[in-house]
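Q: There's a structure below that I have some questions on.
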2 protein chains.
Amino acid sequence: MRYRDAGVDISSLDRMKERIKNLVAGTFNTNVVTGIGLFGGLYQIGDKILVSSTDGVGTKLKVAQLARRHTSVGEDIVNHCINDILTLGAEPLFFLDYIAYTTIDDRVLGEILEGLANACLKVKLPLIGGETAQLPGYFQPGDYDLVGFITGIVDRAKLITGDGIRPNDRLIGLPSSGLHTNGYSLVRKIFFEVNHYPIDHRFPELDLPLGEELLIPHRCYLREVRKIRGYARGIIHITGGGFYGNIPRILPDGLGVKIDKRSWSPPPIFNLIQKLGDVPEEEMYRTFNMGIGMIIVVSPDDEEAVIGQIGGIAIGSVVEGEGVVIE
Amino acid sequence: MRYRDAGVDISSLDRMKERIKNLVAGTFNTNVVTGIGLFGGLYQIGDKILVSSTDGVGTKLKVAQLARRHTSVGEDIVNHCINDILTLGAEPLFFLDYIAYTTIDDRVLGEILEGLANACLKVKLPLIGGETAQLPGYFQPGDYDLVGFITGIVDRAKLITGDGIRPNDRLIGLPSSGLHTNGYSLVRKIFFEVNHYPIDHRFPELDLPLGEELLIPHRCYLREVRKIRGYARGIIHITGGGFYGNIPRILPDGLGVKIDKRSWSPPPIFNLIQKLGDVPEEEMYRTFNMGIGMIIVVSPDDEEAVIGQIGGIAIGSVVEGEGVVIE
């Protein structure tokens, strides 16, 4: 099974994104920092740059409904948004949320908001606004959409763009907590539509019941990135598109990466998905984080210091030539 | 018919908003400017304040689908977001969009994005990011959600909070272009569900066919507000909740307003809605803008100057005592 079999056609999305890029380029003014920053939009004020990004939880929300647990998805979107702007060296300033539904239990809405507020509290990120939109006739009962919007700030001189990446630089992987927020359309299809597992099914490979395993919240890398920001030549958040989709976003022209997949063991959930869904290996690394949620690119001289401080894993190197090779 | 008969229960939403307020208060730090700014979140950096807001187009999107015209909704959300932060005296800096769907024609997505980009171009607002989220199993074919996120900036000293409002201050109304983005669940119920009018029906009262009339984009008040910002003691964006819901948001304790509804004529679309839906008069002013999209509160001494510069209408005054009286 491939990701598009679950109803998500990434290459069509990619074409559309190209069109968006051309359309919006016309709206830019001289304060917009262009050509970089695909994980966030950049707006310069004086010698500071505001970094802003938006994303939704996506169909992980359907798993929350199946499991009737709605506190973790708030943490997912807060952490996802933080990680996106961390890649540019930014410090988060504030967060806004958007929740849309047709009908929703007060209890469920309360859980979502509690999750959002608690995730913000954990990292001292002010939740300064939001919108709760009731849209009659849109969603099935119980369905909802949850979207986050974050703004951060970075000194112009400390912006991390990937421009300084050189051949032989090291890739340091930071462990993910699980699937984070990507690949859930495929995951739902494999576990629930094709194989009809109940949400509380216990697989011998997994420590937790299926629903709990799938709902582990997106890990936040703020603490780690704060410690080693000064070393980072590039930071990659492994989100939708996996290794193949995200790593090239920050690589300078003419450089690629070589990743040694034996340098870490993907947590059992990934092997289970691959086996049950008969998913080709490459498709796994194109869809999931495979146990590595963020990659820090550093000079070989700094590798030891960075790993010493945040405990990441050396997973590969920057090489001459284009592309992502995982062997 | 009342608004809640169309599936939107504002008082339940209000209760939920109260709960949200308490939950999020715990996330604030000393940079968050609290106690004001209900049209936008406020975050202080130095002597500047960032003002941020999010909103969705809502069920006006269903009218766009009926009419098969998707360019105007982009303008709706851009202008709605701009107007929200204008109320605080802020100058817009940048905009991000979020579009969610299950399946969508490339043509439709192209129209939406074109509308967004063009609306941003008109007011030179950079569209620096966004997310296009395909959510399998969420929306009916053709349905989509469109959300905007805006960030603006204002000098701390020039923040408009409503605190300076005094009895006998004047309310200057700026004409709306139509329904803007509010009351569409009720409107759709009245025209399409109860009375089964076709989308291109021509009412003798209306200049345009029904669909075109309902899709007139939300007017942007940036040009007007820029001219008279220095006079404004308060600025009110008449959105969901109408006059009764929005005016009290910026009034100091112990003050109310008295509005003379004969001072302007609501455009024919409002009378048509009221008549066809048998909507109580007060409910009209609680749901719709009734032809007034923004209200500027100024000292009586400045009334003439402001009207001279931007051509608004004197619609009422600030009075001692609480509440909104429309007579």
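Residues are named by chain letter and number: chains run A, B, ... in the order of the structure tokens, numbers start at 1 in each chain, and ligands are numbered from 1 in the order shown.
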Could you pull out the alpha helix (DSSP H) residues of segment 68-219 of chain B from DSSP and send them as an MDAnalysis selection string?
A: chainID B and resid 72:86 106:122 184:188 210:215
Q: Excluding segment 77-87 of chain A and residues on its chain fewer than 4 positions from it, collect all residues at most 6 Å away from it, counting only C-alpha atoms, and give them as a list in words.
A: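 The residues satisfying every condition are Phe39, Gly40, Val57, Gly148, Cys220, Ile235 and Ile236 of chain A.
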Q: The selected residues should be written to file as a CSV table (one decimal), in the first residue's frame (atoms: C-alpha atoms).
A:
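Listed below is the output, selection.csv:
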```csv
chain,number,residue,atom,x,y,z
A,39,PHE,CA,9.0,25.7,7.4
A,40,GLY,CA,7.8,29.2,8.3
A,57,VAL,CA,-3.3,18.2,13.3
A,148,GLY,CA,-2.5,26.1,15.1
A,220,CYS,CA,8.6,19.3,21.3
A,235,ILE,CA,17.5,22.1,11.3
A,236,ILE,CA,15.0,19.8,9.7
```
Q: Please build the interface table for chain B against chain A with a cut-off of 6 Å, listing for each qualifying residue the nearest atom pair and the distance in Å to one decimal; count only C-alpha atoms, order rows by chain and increasing number, and write it as CSV.
A:
```
residue,atom,partner,partner_atom,distance
B:Gly7,CA,A:Pro136,CA,6.0
B:Val24,CA,A:Ala117,CA,5.6
B:Thr27,CA,A:Pro126,CA,4.7
B:Phe28,CA,A:Pro126,CA,4.7
B:Gly41,CA,A:Ile128,CA,4.8
B:Thr54,CA,A:Gly130,CA,5.9
B:Asp55,CA,A:Glu131,CA,5.9
B:Ala117,CA,A:Val24,CA,5.6
B:Leu121,CA,A:Thr27,CA,5.1
B:Pro126,CA,A:Phe28,CA,4.7
B:Leu127,CA,A:Val24,CA,5.9
B:Ile128,CA,A:Gly41,CA,4.8
B:Gly129,CA,A:Gly41,CA,5.1
B:Gly130,CA,A:Thr54,CA,6.0
B:Glu131,CA,A:Asp55,CA,5.9
B:Pro136,CA,A:Gly7,CA,6.0
```
Q: Enumerate the residues of segment 89-316 of chain A with a DSSP assignment of strand (DSSP E or B), computed from the backbone, and present them as JSON, numbers by chain.
A: {"A": [91, 92, 93, 94, 95, 96, 97, 98, 99, 100, 101, 127, 128, 129, 130, 131, 132, 133, 134, 144, 145, 146, 147, 148, 149, 150, 151, 152, 153, 154, 155, 170, 171, 172, 173, 174, 175, 234, 235, 236, 237, 255, 256, 257, 258, 259, 292, 293, 294, 295, 296, 297, 298, 313, 314, 315, 316]}
Q: Smallest atom-to-atom distance to Pro167 of chain B: which of B:Val306, B:Leu251, B:Leu179, B:Val108, using only C-alpha atoms?
A: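 Going through B:Val306, B:Leu251, B:Leu179, B:Val108 one by one, the smallest distance to Pro167 of chain B is for B:Leu251.
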Q: Quick check, in Å to one decimal: how far apart do atom CA of Arg107 of chain A and atom CA of Gly245 of chain B lie?
A: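 Computing it gives 25.2 Å between the two atoms.
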Q: Between atom CA of Glu75 of chain B and atom CA of Glu282 of chain B, what is the spacing in Å?
A: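 Taking atom CA of Glu282 of chain B as the start and atom CA of Glu75 of chain B as the end point, the length is 29.0 Å.
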Q: Which residues are near Pro175 of chain A? Cut-off 10 Å, only C-alpha atoms, ignore same chain within fewer than 4 positions. Put them as a PyMOL selection string.
A: chain A and resi 219+221+264+266-267+289-295+311-313
Q: Taking 2 positions as the minimum chain separation for residues in the same chain, which residues sit within 10 Å of Leu159 of chain B when counting only C-alpha atoms? Answer as a ChimeraX atom specification.
A: /B:37,42,48-49,51,87-90,153-157,161-162,229,233-234
